[in-house]
file protein.txt (compact mmCIF, C-alpha atoms and all ligand atoms)
# COMPACT_ATOMS: atom_id res chain seq x y z
CA MET R 1 -14.84 -14.27 15.76
CA LYS R 2 -13.34 -13.14 12.44
CA ARG R 3 -16.15 -10.65 12.23
CA LEU R 4 -15.26 -9.36 15.70
CA ILE R 5 -11.61 -9.03 14.70
CA SER R 6 -12.53 -7.22 11.49
CA LEU R 7 -14.71 -4.87 13.46
CA ALA R 8 -11.87 -4.25 15.88
CA LEU R 9 -9.50 -3.49 13.03
CA GLY R 10 -12.06 -1.27 11.42
CA ALA R 11 -12.34 0.66 14.66
CA GLY R 12 -8.55 0.81 14.93
CA LEU R 13 -8.22 2.14 11.42
CA ILE R 14 -10.95 4.69 11.91
CA ALA R 15 -9.17 5.82 15.08
CA ALA R 16 -5.87 6.04 13.22
CA LEU R 17 -7.46 7.95 10.37
CA SER R 18 -9.33 10.29 12.71
CA ALA R 19 -5.97 11.31 14.03
CA CYS R 20 -5.29 12.77 10.62
CA ALA R 21 -8.03 15.36 10.86
CA GLY R 22 -6.81 18.84 10.24
CA GLN R 23 -3.77 17.85 8.24
CA ASP R 24 -2.70 19.75 5.16
CA LYS R 25 -4.08 18.41 1.97
CA PRO R 26 -1.65 18.92 -0.83
CA SER R 27 -2.39 16.29 -3.40
CA PHE R 28 -0.39 14.05 -5.66
CA PRO R 29 -1.80 15.12 -8.99
CA GLY R 30 -2.12 12.28 -11.45
CA GLU R 31 -0.20 12.81 -14.60
CA PRO R 32 -2.50 12.08 -17.49
CA VAL R 33 -0.63 10.39 -20.30
CA ARG R 34 -1.62 11.80 -23.66
CA ALA R 35 -2.37 9.33 -26.40
CA VAL R 36 -0.36 9.85 -29.55
CA PRO R 37 -2.79 10.76 -32.34
CA THR R 38 -2.43 8.15 -35.04
CA ARG R 39 -5.63 8.40 -37.06
CA GLY R 40 -5.00 9.50 -40.62
CA ASN R 41 -1.26 9.01 -40.31
CA PRO R 42 -0.32 6.09 -42.54
CA VAL R 43 3.23 5.92 -41.27
CA ALA R 44 2.36 6.01 -37.61
CA PRO R 45 4.02 3.06 -35.92
CA THR R 46 1.76 0.39 -34.52
CA PRO R 47 2.14 0.53 -30.75
CA ALA R 48 4.18 -2.37 -29.44
CA PRO R 49 2.13 -4.84 -27.39
CA THR R 50 4.07 -3.77 -24.32
CA ALA R 51 3.32 -0.06 -24.80
CA ALA R 52 2.23 1.52 -21.54
CA LYS R 53 -1.51 1.89 -21.16
CA PRO R 54 -2.63 5.46 -20.58
CA VAL R 55 -3.00 6.15 -16.88
CA ASP R 56 -6.54 6.85 -15.77
CA PRO R 57 -6.10 10.18 -13.93
CA MET R 58 -9.03 9.33 -11.67
CA SER R 59 -7.59 6.01 -10.52
CA LEU R 60 -6.35 5.70 -6.97
CA TYR R 61 -2.98 4.82 -8.51
CA ALA R 62 -2.81 8.22 -10.23
CA ARG R 63 -4.08 10.05 -7.16
CA LEU R 64 -1.34 8.46 -5.07
CA GLY R 65 1.26 9.91 -7.42
CA GLN R 66 1.69 6.79 -9.53
CA ARG R 67 4.44 4.29 -8.75
CA ALA R 68 6.85 6.91 -7.40
CA GLY R 69 4.27 8.21 -4.93
CA ILE R 70 3.41 4.70 -3.74
CA GLU R 71 7.08 3.77 -3.41
CA ALA R 72 7.74 6.88 -1.29
CA VAL R 73 4.93 5.85 1.09
CA MET R 74 6.11 2.24 1.27
CA THR R 75 9.70 3.28 1.95
CA ASP R 76 8.54 5.48 4.81
CA PHE R 77 6.20 2.74 6.07
CA VAL R 78 8.82 -0.04 6.12
CA THR R 79 11.34 2.30 7.75
CA ARG R 80 8.87 3.15 10.52
CA ALA R 81 7.89 -0.50 11.06
CA ALA R 82 11.50 -1.70 11.14
CA ARG R 83 12.39 0.98 13.73
CA ASP R 84 9.47 0.24 16.03
CA ARG R 85 10.77 -1.84 18.93
CA ARG R 86 7.38 -3.54 19.28
CA ILE R 87 7.62 -5.18 15.85
CA ALA R 88 11.24 -4.62 14.69
CA LYS R 89 12.19 -8.23 15.44
CA ARG R 90 9.80 -9.34 12.72
CA PHE R 91 11.85 -7.51 10.12
CA GLU R 92 15.41 -8.06 11.37
CA LYS R 93 16.23 -10.55 8.61
CA THR R 94 14.21 -8.77 5.97
CA ASP R 95 15.73 -7.17 2.89
CA ALA R 96 13.92 -3.86 3.32
CA LYS R 97 14.52 -2.78 -0.27
CA ALA R 98 13.01 -5.99 -1.63
CA LEU R 99 10.00 -5.71 0.69
CA ILE R 100 9.44 -2.09 -0.35
CA GLY R 101 9.53 -3.16 -4.00
CA LYS R 102 6.98 -5.91 -3.41
CA LEU R 103 4.65 -3.72 -1.37
CA THR R 104 4.89 -1.01 -4.01
CA ASP R 105 4.00 -3.42 -6.82
CA GLN R 106 1.19 -4.89 -4.76
CA VAL R 107 -0.41 -1.52 -4.00
CA CYS R 108 0.31 -0.22 -7.51
CA GLN R 109 -1.55 -3.17 -9.02
CA ALA R 110 -4.39 -3.06 -6.48
CA THR R 111 -5.00 0.64 -7.11
CA GLY R 112 -5.28 0.34 -10.88
CA GLY R 113 -1.66 0.87 -11.86
CA PRO R 114 0.27 -0.93 -14.58
CA CYS R 115 2.48 -2.93 -12.19
CA LYS R 116 2.43 -6.65 -11.71
CA TYR R 117 2.83 -8.02 -8.19
CA THR R 118 4.89 -11.19 -8.44
CA GLY R 119 5.41 -11.88 -4.73
CA LYS R 120 3.79 -14.52 -2.60
CA ASP R 121 0.11 -14.46 -1.76
CA MET R 122 -0.56 -13.01 1.68
CA LYS R 123 -1.29 -16.34 3.36
CA THR R 124 1.96 -17.88 2.13
CA ALA R 125 4.03 -14.73 2.82
CA HIS R 126 2.97 -14.62 6.48
CA ALA R 127 2.66 -18.37 7.12
CA GLY R 128 4.09 -19.51 10.44
CA MET R 129 4.59 -15.95 11.71
CA LYS R 130 1.61 -15.98 14.06
CA ILE R 131 1.21 -12.23 13.62
CA THR R 132 -1.00 -10.84 16.36
CA ASN R 133 -3.89 -8.44 16.26
CA ARG R 134 -1.75 -5.90 18.11
CA GLU R 135 1.02 -6.16 15.51
CA TRP R 136 -1.56 -5.73 12.78
CA ASN R 137 -2.84 -2.54 14.41
CA ILE R 138 0.67 -1.17 14.96
CA THR R 139 1.50 -1.84 11.31
CA GLY R 140 -1.69 -0.11 10.19
CA GLN R 141 -0.81 2.93 12.28
CA HIS R 142 2.62 3.11 10.65
CA LEU R 143 1.07 2.93 7.21
CA VAL R 144 -1.31 5.78 8.03
CA ALA R 145 1.59 7.79 9.50
CA ALA R 146 3.63 7.18 6.34
CA MET R 147 0.77 8.34 4.12
CA ARG R 148 0.34 11.45 6.24
CA ALA R 149 4.06 12.16 6.08
CA LYS R 150 3.93 11.90 2.30
CA LYS R 151 0.89 14.20 2.18
CA VAL R 152 -1.53 11.64 0.85
CA PRO R 153 -4.96 13.23 1.26
CA ARG R 154 -7.32 11.69 3.80
CA LYS R 155 -9.73 10.31 1.22
CA GLU R 156 -6.94 8.44 -0.54
CA GLN R 157 -5.61 7.20 2.82
CA GLN R 158 -9.00 5.70 3.50
CA GLU R 159 -9.15 4.09 0.07
CA VAL R 160 -5.76 2.46 0.56
CA MET R 161 -6.75 1.13 3.98
CA ALA R 162 -10.02 -0.19 2.57
CA LEU R 163 -8.04 -2.17 -0.01
CA LEU R 164 -5.66 -3.65 2.55
CA THR R 165 -8.05 -4.35 5.44
CA PRO R 166 -9.67 -7.40 3.82
CA MET R 167 -6.22 -9.06 3.74
CA LYS R 168 -6.23 -9.33 7.52
CA PRO R 169 -7.56 -12.90 7.77
CA ASP R 170 -4.71 -14.09 5.52
CA ILE R 171 -2.06 -12.26 7.53
CA VAL R 172 -3.00 -12.39 11.22
CA GLY R 173 -2.71 -15.67 13.11
CA GLN R 174 -1.23 -17.66 10.22
C1 LIG R 201 -2.05 -5.14 5.07
C2 LIG R 201 -0.97 -5.50 5.75
C3 LIG R 201 0.20 -6.19 5.10
C4 LIG R 201 0.56 -6.29 3.79
C5 LIG R 201 -0.15 -5.71 2.58
C6 LIG R 201 1.76 -7.07 3.73
C7 LIG R 201 2.43 -7.38 2.57
C8 LIG R 201 3.57 -8.15 2.50
C9 LIG R 201 4.25 -8.50 1.29
C10 LIG R 201 3.85 -8.06 -0.11
C11 LIG R 201 5.31 -9.26 1.62
C12 LIG R 201 6.35 -9.87 0.66
C13 LIG R 201 5.90 -11.23 0.17
C14 LIG R 201 6.99 -11.91 -0.62
O1 LIG R 201 8.11 -12.02 -0.13
O2 LIG R 201 6.73 -12.37 -1.75
C15 LIG R 201 5.30 -9.38 3.07
C16 LIG R 201 6.23 -10.06 3.80
C17 LIG R 201 6.37 -9.94 5.16
N1 LIG R 201 5.50 -9.33 6.01
FE1 LIG R 201 3.78 -8.44 5.51
N2 LIG R 201 2.13 -7.42 5.01
C18 LIG R 201 1.21 -6.89 5.87
C19 LIG R 201 1.20 -7.00 7.23
C20 LIG R 201 2.25 -7.48 7.98
C21 LIG R 201 2.33 -7.44 9.42
C22 LIG R 201 1.24 -6.92 10.36
C23 LIG R 201 3.55 -7.94 9.75
C24 LIG R 201 4.16 -8.11 11.12
C25 LIG R 201 4.17 -7.15 12.00
C26 LIG R 201 4.21 -8.34 8.52
C27 LIG R 201 5.44 -8.91 8.44
C28 LIG R 201 6.01 -9.40 7.28
C29 LIG R 201 7.29 -10.09 7.26
C30 LIG R 201 8.20 -10.38 8.44
C31 LIG R 201 7.51 -10.45 5.91
C32 LIG R 201 8.66 -11.25 5.36
C33 LIG R 201 9.72 -10.34 4.86
C34 LIG R 201 10.90 -11.20 4.41
O3 LIG R 201 10.83 -11.85 3.37
O4 LIG R 201 11.90 -11.18 5.14
N3 LIG R 201 3.39 -8.04 7.47
N4 LIG R 201 4.24 -8.71 3.57
call {"tool": "encode", "arguments": {"input": "protein.txt", "output": "structure tokens", "more": "lines below"}}
Ligand code: HEM
result
Amino acid sequence: MKRLISLALGAGLIAALSACAGQDKPSFPGEPVRAVPTRGNPVAPTPAPTAAKPVDPMSLYARLGQRAGIEAVMTDFVTRAARDRRIAKRFEKTDAKALIGKLTDQVCQATGGPCKYTGKDMKTAHAGMKITNREWNITGQHLVAAMRAKKVPRKEQQEVMALLTPMKPDIVGQ
């Protein structure tokens, strides 16, 4: 059954993504962080343990425009979901800003960024909600629409969806 549902979602996502064909493809260029040359400099300060790790410019995180790019998508996504009459009730008591922050950290971490997601695991976060397959598909469509609106290229859209799709069994029907 789960397999059937996954297949259905897969088909839904492919359909949603196919709708993106022909869109413009401006990219979110990753901003490579240059390492400070320290070799041979005896007075160079030792980097603090919390010093930011250089961003891998090839990571999905970088290609999404780092945290700011992800946050822009999540803001658009939550706004669309909260305005959709089919699922708005789900979010009527939700602090949208807090949810956007959590989603941003979650995706930032999952895509190779330096963020730490500190929210609930997906099973706990959606426990008792009995989210339906239909709601899952609607939400997925809003996420794709948000990525398109923020000019995330198709390849990166697909990579984001591929990261989130396996969460379905922990979210739907809990
Ligand atoms: C891949 C899909 C999804 C992801 C990645 C996701 C992620 C999250 C995250 C990170 C939170 C916050 C957890 C916390 O408070 O610590 C959350 C909460 C929530 N999610 Fe989802 N979610 C997804 C799908 C859905 C769907 C399909 C619905 C319903 C249509 C939904 C409704 C909610 C609601 C109502 C909350 C609680 C917000 C609150 O605290 O008021 N989510 N979700």
call {"tool": "atom_distance", "arguments": {"input": "protein.txt", "atom1": "atom CA of R:Arg90", "atom2": "atom CA of R:Tyr61"}}
result
28.5 Å
call {"tool": "atom_distance", "arguments": {"input": "protein.txt", "atom1": "atom CA of R:Gly128", "atom2": "atom C6 of ligand LIG 201 (chain R)"}}
result
14.3 Å
call {"tool": "closest_atom_pairs", "arguments": {"input": "protein.txt", "of": "chain R", "to": "ligand LIG 201 (chain R)", "cutoff": "8 Å", "atoms": "all atoms listed in the file", "output": "Markdown table"}}
result
| residue | atom | partner | partner_atom | distance |
| --- | --- | --- | --- | --- |
| R:Ala81 | CA | R:LIG201 | C25 | 7.7 |
| R:Ile87 | CA | R:LIG201 | C25 | 5.5 |
| R:Ala88 | CA | R:LIG201 | C25 | 8.0 |
| R:Arg90 | CA | R:LIG201 | C30 | 4.7 |
| R:Phe91 | CA | R:LIG201 | C30 | 4.9 |
| R:Glu92 | CA | R:LIG201 | O4 | 7.8 |
| R:Lys93 | CA | R:LIG201 | O4 | 5.6 |
| R:Thr94 | CA | R:LIG201 | O4 | 3.4 |
| R:Asp95 | CA | R:LIG201 | O4 | 6.0 |
| R:Ala96 | CA | R:LIG201 | O4 | 7.8 |
| R:Ala98 | CA | R:LIG201 | O1 | 7.9 |
| R:Leu99 | CA | R:LIG201 | C12 | 5.5 |
| R:Lys102 | CA | R:LIG201 | C10 | 5.0 |
| R:Leu103 | CA | R:LIG201 | C10 | 4.6 |
| R:Gln106 | CA | R:LIG201 | C10 | 6.2 |
| R:Val107 | CA | R:LIG201 | C5 | 7.8 |
| R:Thr118 | CA | R:LIG201 | O2 | 7.0 |
| R:Gly119 | CA | R:LIG201 | O2 | 3.3 |
| R:Lys120 | CA | R:LIG201 | O2 | 3.7 |
| R:Asp121 | CA | R:LIG201 | C13 | 6.9 |
| R:Met122 | CA | R:LIG201 | C8 | 6.4 |
| R:Thr124 | CA | R:LIG201 | C13 | 8.0 |
| R:Ala125 | CA | R:LIG201 | C13 | 4.8 |
| R:His126 | CA | R:LIG201 | N1 | 5.9 |
| R:Met129 | CA | R:LIG201 | C30 | 7.4 |
| R:Ile131 | CA | R:LIG201 | C24 | 5.7 |
| R:Thr132 | CA | R:LIG201 | C22 | 7.5 |
| R:Asn133 | CA | R:LIG201 | C22 | 8.0 |
| R:Glu135 | CA | R:LIG201 | C25 | 4.8 |
| R:Trp136 | CA | R:LIG201 | C22 | 3.9 |
| R:Asn137 | CA | R:LIG201 | C22 | 7.2 |
| R:Ile138 | CA | R:LIG201 | C22 | 7.4 |
| R:Thr139 | CA | R:LIG201 | C22 | 5.2 |
| R:Gly140 | CA | R:LIG201 | C2 | 7.0 |
| R:Met161 | CA | R:LIG201 | C1 | 7.9 |
| R:Leu164 | CA | R:LIG201 | C1 | 4.6 |
| R:Thr165 | CA | R:LIG201 | C1 | 6.1 |
| R:Met167 | CA | R:LIG201 | C1 | 5.9 |
| R:Lys168 | CA | R:LIG201 | C1 | 6.4 |
| R:Ile171 | CA | R:LIG201 | C19 | 6.2 |
| R:Val172 | CA | R:LIG201 | C22 | 7.0 |
call {"tool": "atom_distance", "arguments": {"input": "protein.txt", "atom1": "atom CA of R:Asp76", "atom2": "atom CA of R:Val144"}}
result
10.4 Å
call {"tool": "closest_residue", "arguments": {"input": "protein.txt", "among": "R:Lys151, R:Thr75, R:Gln157, R:Lys116", "to": "R:Leu60", "atoms": "all atoms listed in the file"}}
result
R:Gln157
call {"tool": "closest_residue", "arguments": {"input": "protein.txt", "among": "R:Arg148, R:Lys123, R:Lys97, R:Arg67", "to": "R:Gln109", "atoms": "all atoms listed in the file"}}
result
R:Arg67
call {"tool": "closest_residue", "arguments": {"input": "protein.txt", "among": "R:Arg85, R:Leu143, R:Lys150, R:Pro114", "to": "R:Gln66", "atoms": "all atoms listed in the file"}}
result
R:Pro114
call {"tool": "residues_near_point", "arguments": {"input": "protein.txt", "point": "(3.8, 3.1, -7.1)", "cutoff": "6 Å", "atoms": "all atoms listed in the file", "output": "list in words"}}
result
Gln66, Arg67, Ala68, Gly69, Ile70, Glu71, Thr104 and Cys108 of chain R
call {"tool": "closest_residue", "arguments": {"input": "protein.txt", "among": "R:Ile100, R:Cys115, R:Met74, R:Ala127", "to": "R:Ala145", "atoms": "only C-alpha atoms"}}
result
R:Met74
